[in-house]
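Enquirer: Below is one structure. I have some questions about it.
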Amino acid sequence: MPQMQWTDELSVNIQTIDDQHKKLIGLINSLYTAMKVGHGKSVLDQVLTEMTNYAAYHFKTEKDLFERYQYPDTIQHLQEHNEFAKTINGLKEKHEKGQLTASIETMLFLREWLSKHILETDKKYVPFLKDKGVI
């Protein structure tokens, strides 16, 4: 399972959003690094907490942009954010119950969700926001 790398393909070319995505990737890579040396379980709680808090901050940034410019797919986009939060809470519960696979499940979920969300869902709003002058 490779570490998640920032690439130009992941860029939405909106600096604030790209910077926040890079931070989220950094959190995923913190978990990856810990898992690689056998400490995934011990850092999972911290990573999940940081991921939850930072994702909420990031989601608010997107929501504020959507509301300000009246993005037409806001509801669908925010539903994905809500599903993310539900899944993270479920992974937290697994970790708290001591399930051994929690760190691997978390790593796989975060990596797959973030790359898919950026490449598919976030890329949809780029032309709309760019047309509104957001950079």
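Naming works like this for the structure tokens: A, B, ... for the chains as they're shown, residue 1 at the start of each chain, ligands 1 onward in shown order.
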Determine, counting only C-alpha atoms, which protein, DNA and RNA residues have an atom within 10 Å of an atom of Leu114 (chain A); residues of the same chain fewer than 6 positions away are not included. Present the result as an MDAnalysis selection string.
Expert: chainID A and resid 4 10 21 24:25 28 84 120:122
Enquirer: Could you state the separation of CA of Ser103 (chain A) and CA of Asn29 (chain A) in Å, given to one decimal place?
Expert: 12.4 Å
Enquirer: Between A:Arg111, A:Asp64, A:His95, A:Lys124, single out the one closest to Gln5 (chain A), counting only C-alpha atoms.
Expert: A:Arg111
Enquirer: My list of candidates is A:Lys41, A:Lys130, A:Arg68, A:Lys116. Which is closest to Glu9 (chain A) when distances are computed with only C-alpha atoms?
Expert: A:Lys116
Enquirer: At a cut-off of 10 Å, using only C-alpha atoms, what residues contact Val126 (chain A)? Leave out same-chain residues fewer than 6 positions from it and give the result as an MDAnalysis selection string.
Expert: chainID A and resid 11:14 132 134:135
